[in-house]
Structure formats: structure tokens, C-alpha cells
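As stored in work11.txt (compact mmCIF, C-alpha atoms and all ligand atoms):
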# COMPACT_ATOMS: atom_id res chain seq x y z
CA MET A 16 0.00 0.00 0.00
CA LYS A 17 2.76 2.40 0.92
CA ASN A 18 4.65 1.63 -2.31
CA THR A 19 1.50 2.24 -4.32
CA LEU A 20 1.07 5.65 -2.73
CA ILE A 21 4.63 6.62 -3.56
CA ALA A 22 4.23 5.46 -7.15
CA THR A 23 1.01 7.44 -7.49
CA ALA A 24 2.67 10.52 -6.08
CA LEU A 25 5.55 10.16 -8.53
CA VAL A 26 3.22 9.84 -11.51
CA ALA A 27 1.32 12.92 -10.36
CA LEU A 28 4.55 14.84 -9.95
CA LEU A 29 5.92 13.87 -13.37
CA GLY A 30 2.56 14.44 -14.99
CA SER A 31 2.38 18.00 -13.77
CA ALA A 32 6.04 18.77 -14.38
CA ALA A 33 6.14 17.72 -18.04
CA PRO A 34 3.78 20.39 -19.46
CA VAL A 35 5.74 23.09 -17.63
CA ALA A 36 8.96 21.86 -19.24
CA PHE A 37 7.40 21.94 -22.71
CA ALA A 38 5.95 25.39 -22.14
CA GLN A 39 9.37 26.65 -21.12
CA ALA A 40 10.93 25.30 -24.33
CA ASP A 41 8.28 27.04 -26.45
CA HIS A 42 8.88 30.26 -24.59
CA ASP A 43 12.63 30.16 -25.25
CA ALA A 44 12.14 29.30 -28.92
CA HIS A 45 9.81 32.27 -29.30
CA HIS A 46 12.39 34.67 -27.93
CA ALA A 47 15.24 33.30 -30.03
CA GLY A 48 13.51 35.11 -32.90
CA ALA A 49 15.90 33.89 -35.62
CA SER A 50 13.12 32.24 -37.58
CA ALA A 51 10.26 34.47 -36.54
CA PRO A 52 7.36 34.14 -38.98
CA ALA A 53 6.54 36.98 -41.37
CA GLU A 54 3.29 37.71 -39.57
CA ALA A 55 5.22 38.77 -36.48
CA SER A 56 3.94 41.97 -34.92
CA LEU A 57 3.99 45.00 -37.19
CA ALA A 58 6.28 47.89 -36.38
CA GLU A 59 4.96 51.44 -36.26
CA GLY A 60 6.52 54.36 -38.04
CA THR A 61 6.15 57.58 -39.97
CA VAL A 62 7.19 57.83 -43.61
CA LYS A 63 9.80 60.55 -44.00
CA LYS A 64 10.79 60.17 -47.63
CA ILE A 65 9.96 58.08 -50.69
CA ASP A 66 12.61 57.30 -53.31
CA LYS A 67 10.83 55.52 -56.14
CA SER A 68 13.85 55.40 -58.47
CA ALA A 69 15.87 53.56 -55.82
CA GLY A 70 12.90 51.53 -54.58
CA LYS A 71 13.50 52.75 -51.05
CA LEU A 72 11.72 54.67 -48.35
CA THR A 73 12.85 56.42 -45.19
CA ILE A 74 10.87 55.62 -42.06
CA ALA A 75 11.09 57.05 -38.56
CA HIS A 76 10.29 53.80 -36.77
CA GLY A 77 9.61 52.71 -33.23
CA PRO A 78 11.61 49.94 -31.55
CA LEU A 79 11.96 46.78 -33.70
CA GLU A 80 12.28 43.97 -31.20
CA SER A 81 12.76 41.28 -33.84
CA LEU A 82 15.86 43.11 -35.12
CA GLY A 83 17.07 44.31 -31.73
CA MET A 84 16.78 47.90 -32.98
CA PRO A 85 15.78 50.95 -30.97
CA ALA A 86 13.60 53.72 -32.41
CA MET A 87 15.37 55.61 -35.21
CA THR A 88 15.00 57.08 -38.68
CA MET A 89 16.45 54.93 -41.43
CA VAL A 90 16.15 53.82 -45.05
CA PHE A 91 14.46 50.53 -45.98
CA ARG A 92 14.15 48.71 -49.28
CA ALA A 93 10.60 48.20 -50.50
CA ALA A 94 9.85 44.56 -51.35
CA GLU A 95 7.40 45.68 -54.07
CA PRO A 96 7.65 48.95 -56.07
CA ASP A 97 3.86 49.31 -55.71
CA MET A 98 4.24 49.81 -51.98
CA LEU A 99 5.83 53.20 -52.64
CA ASP A 100 2.66 54.36 -54.40
CA GLN A 101 0.54 53.57 -51.35
CA VAL A 102 2.19 56.03 -49.00
CA LYS A 103 3.64 59.53 -48.99
CA ALA A 104 5.91 61.52 -46.70
CA GLY A 105 4.17 62.25 -43.42
CA ASP A 106 1.96 59.13 -43.46
CA LYS A 107 1.81 57.08 -40.28
CA ILE A 108 2.12 53.39 -41.11
CA ARG A 109 2.37 49.94 -39.62
CA PHE A 110 4.84 47.74 -41.43
CA ALA A 111 6.63 44.39 -41.45
CA VAL A 112 10.37 44.31 -42.01
CA GLU A 113 12.63 41.38 -42.85
CA ARG A 114 16.28 41.03 -43.73
CA VAL A 115 16.32 39.99 -47.42
CA GLY A 116 19.74 39.30 -48.92
CA GLY A 117 21.34 41.41 -46.21
CA ALA A 118 19.09 44.43 -46.86
CA LEU A 119 16.41 45.46 -44.40
CA THR A 120 13.27 45.28 -46.49
CA VAL A 121 9.70 46.39 -45.83
CA THR A 122 7.67 43.35 -46.85
CA SER A 123 4.24 44.82 -46.13
CA LEU A 124 2.77 48.06 -44.93
CA GLU A 125 -0.60 49.52 -44.11
CA PRO A 126 -1.84 52.92 -42.98
CA ALA A 127 -1.93 53.31 -39.19
CA GLN A 128 -5.33 54.40 -37.94
CU CU B 201 16.28 51.20 -37.53

If you convert what's in this file into C-alpha cells, what do you get?
Amino acid sequence: MKNTLIATALVALLGSAAPVAFAQADHDAHHAGASAPAEASLAEGTVKKIDKSAGKLTIAHGPLESLGMPAMTMVFRAAEPDMLDQVKAGDKIRFAVERVGGALTVTSLEPAQ
């Protein structure tokens, strides 16, 4: 009887510990960020300049956690030339940025409400 109780207690202990261990692993993977999916949270920014001939735009952006970048004003490549027709200097936007071939590239953007 005593052995049975100990065995039961062990099973209960292991049973409750396992999900915690898995949750911890997921948490760490999420923060590694190296392979963060494209739909990761959008950054916020204000368009400062559009350069259609170069296919680039300048954005004053907030902190970009996925890139470990503080708020700053900088130039991004536009993934699609059409994106540069959707915005103008002074527009507030929400945008996704990815490193494509070494260049920080805006892969999607939308007007901020
Ligand atoms: Cu930046």
C-alpha cells in the first residue's frame, strides 16, 4: 500500500512537471527570434521620404524587437515597387520588415489608424 502511494505521487509529480517543461521550451524558442514568422507583430513608423527610383523609403520607426533595434529614422528597401505608391511623406504606417539578402526590407505596410 505504501509503495502504491509513492508510485502514485511520482506519476502525479511527473505528470504536472512535463507540461511546464514543454511550455518553457516554447517560450525560449519564441524569444530566439531567428526564424520568426513573417506575420510577427507590425512595427509602427512615420514615412519621411519616398525614393521611387531607388525603390527605397525612409521611415522614422519605433523599436523593432525582432531586429534588436531601438527607435530611429532609417532607409528601408521596399519589397514591391507598388508599396511606394501607397504612402507619402508624413503618413503614419504599420509595417513588417525582414532582412532579405542582407538588406532590411519592408515586406508589407498599411496605414496606421
Ligand atoms: Cu532602424

Checklist entry - How would you write, as a ChimeraX atom specification, the set of residues no farther than 9 Å from ligand CU 201 (chain B) when counting all atoms listed in the file? => result /A:74-79,82,84-91,119

Would you mind exporting the chosen residues as a PDB file, keeping the file's coordinate frame, restricted to C-alpha atoms?
ATOM      1  CA  ILE A  74      10.870  55.620 -42.060  1.00  0.00           C
ATOM      2  CA  ALA A  75      11.090  57.050 -38.560  1.00  0.00           C
ATOM      3  CA  HIS A  76      10.290  53.800 -36.770  1.00  0.00           C
ATOM      4  CA  GLY A  77       9.610  52.710 -33.230  1.00  0.00           C
ATOM      5  CA  PRO A  78      11.610  49.940 -31.550  1.00  0.00           C
ATOM      6  CA  LEU A  79      11.960  46.780 -33.700  1.00  0.00           C
ATOM      7  CA  LEU A  82      15.860  43.110 -35.120  1.00  0.00           C
ATOM      8  CA  MET A  84      16.780  47.900 -32.980  1.00  0.00           C
ATOM      9  CA  PRO A  85      15.780  50.950 -30.970  1.00  0.00           C
ATOM     10  CA  ALA A  86      13.600  53.720 -32.410  1.00  0.00           C
ATOM     11  CA  MET A  87      15.370  55.610 -35.210  1.00  0.00           C
ATOM     12  CA  THR A  88      15.000  57.080 -38.680  1.00  0.00           C
ATOM     13  CA  MET A  89      16.450  54.930 -41.430  1.00  0.00           C
ATOM     14  CA  VAL A  90      16.150  53.820 -45.050  1.00  0.00           C
ATOM     15  CA  PHE A  91      14.460  50.530 -45.980  1.00  0.00           C
ATOM     16  CA  LEU A 119      16.410  45.460 -44.400  1.00  0.00           C
TER      17      LEU A 119
END

Checklist entry - Using only C-alpha atoms, which of A:Gly116, A:Ala127, A:Val121, A:Lys107 sits nearest Val62 in chain A? => result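 Of the candidates, the smallest distance to Val62 in chain A is held by A:Lys107.
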
Item to check | Ala69 in chain A surroundings by all atoms listed in the file, 12 Å radius, close-in-sequence under 3 positions cut, as a list of chain:residue names | outcome: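 Final neighbour list, sorted by chain and number: A:Lys64, A:Ile65, A:Asp66, A:Leu72, A:Thr73, A:Val90, A:Phe91, A:Arg92, A:Ala93, A:Ala94, A:Glu95, A:Pro96, A:Leu99.
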
Writing out the chosen residues with C-alpha atoms as a tab-separated table (two decimals), keeping the file's coordinate frame:
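Result file is result10.tsv:
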chain	number	residue	atom	x	y	z
A	64	LYS	CA	10.79	60.17	-47.63
A	65	ILE	CA	9.96	58.08	-50.69
A	66	ASP	CA	12.61	57.30	-53.31
A	72	LEU	CA	11.72	54.67	-48.35
A	73	THR	CA	12.85	56.42	-45.19
A	90	VAL	CA	16.15	53.82	-45.05
A	91	PHE	CA	14.46	50.53	-45.98
A	92	ARG	CA	14.15	48.71	-49.28
A	93	ALA	CA	10.60	48.20	-50.50
A	94	ALA	CA	9.85	44.56	-51.35
A	95	GLU	CA	7.40	45.68	-54.07
A	96	PRO	CA	7.65	48.95	-56.07
A	99	LEU	CA	5.83	53.20	-52.64

Item to check | Interatomic distance, CA of Lys67 in chain A to CA of Gly83 in chain A (Å, one decimal) | outcome: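 Taking CA of Lys67 in chain A as the start and CA of Gly83 in chain A as the end point, the length is 27.6 Å.
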
Item to check | Interatomic distance (Å, one decimal) between CA of Ser81 in chain A and CA of Gln101 in chain A | outcome: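 CA of Ser81 in chain A sits 24.6 Å away from CA of Gln101 in chain A.
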
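Take CA of Gly60 in chain A and CA of Glu80 in chain A: the distance between them is 13.7 Å.
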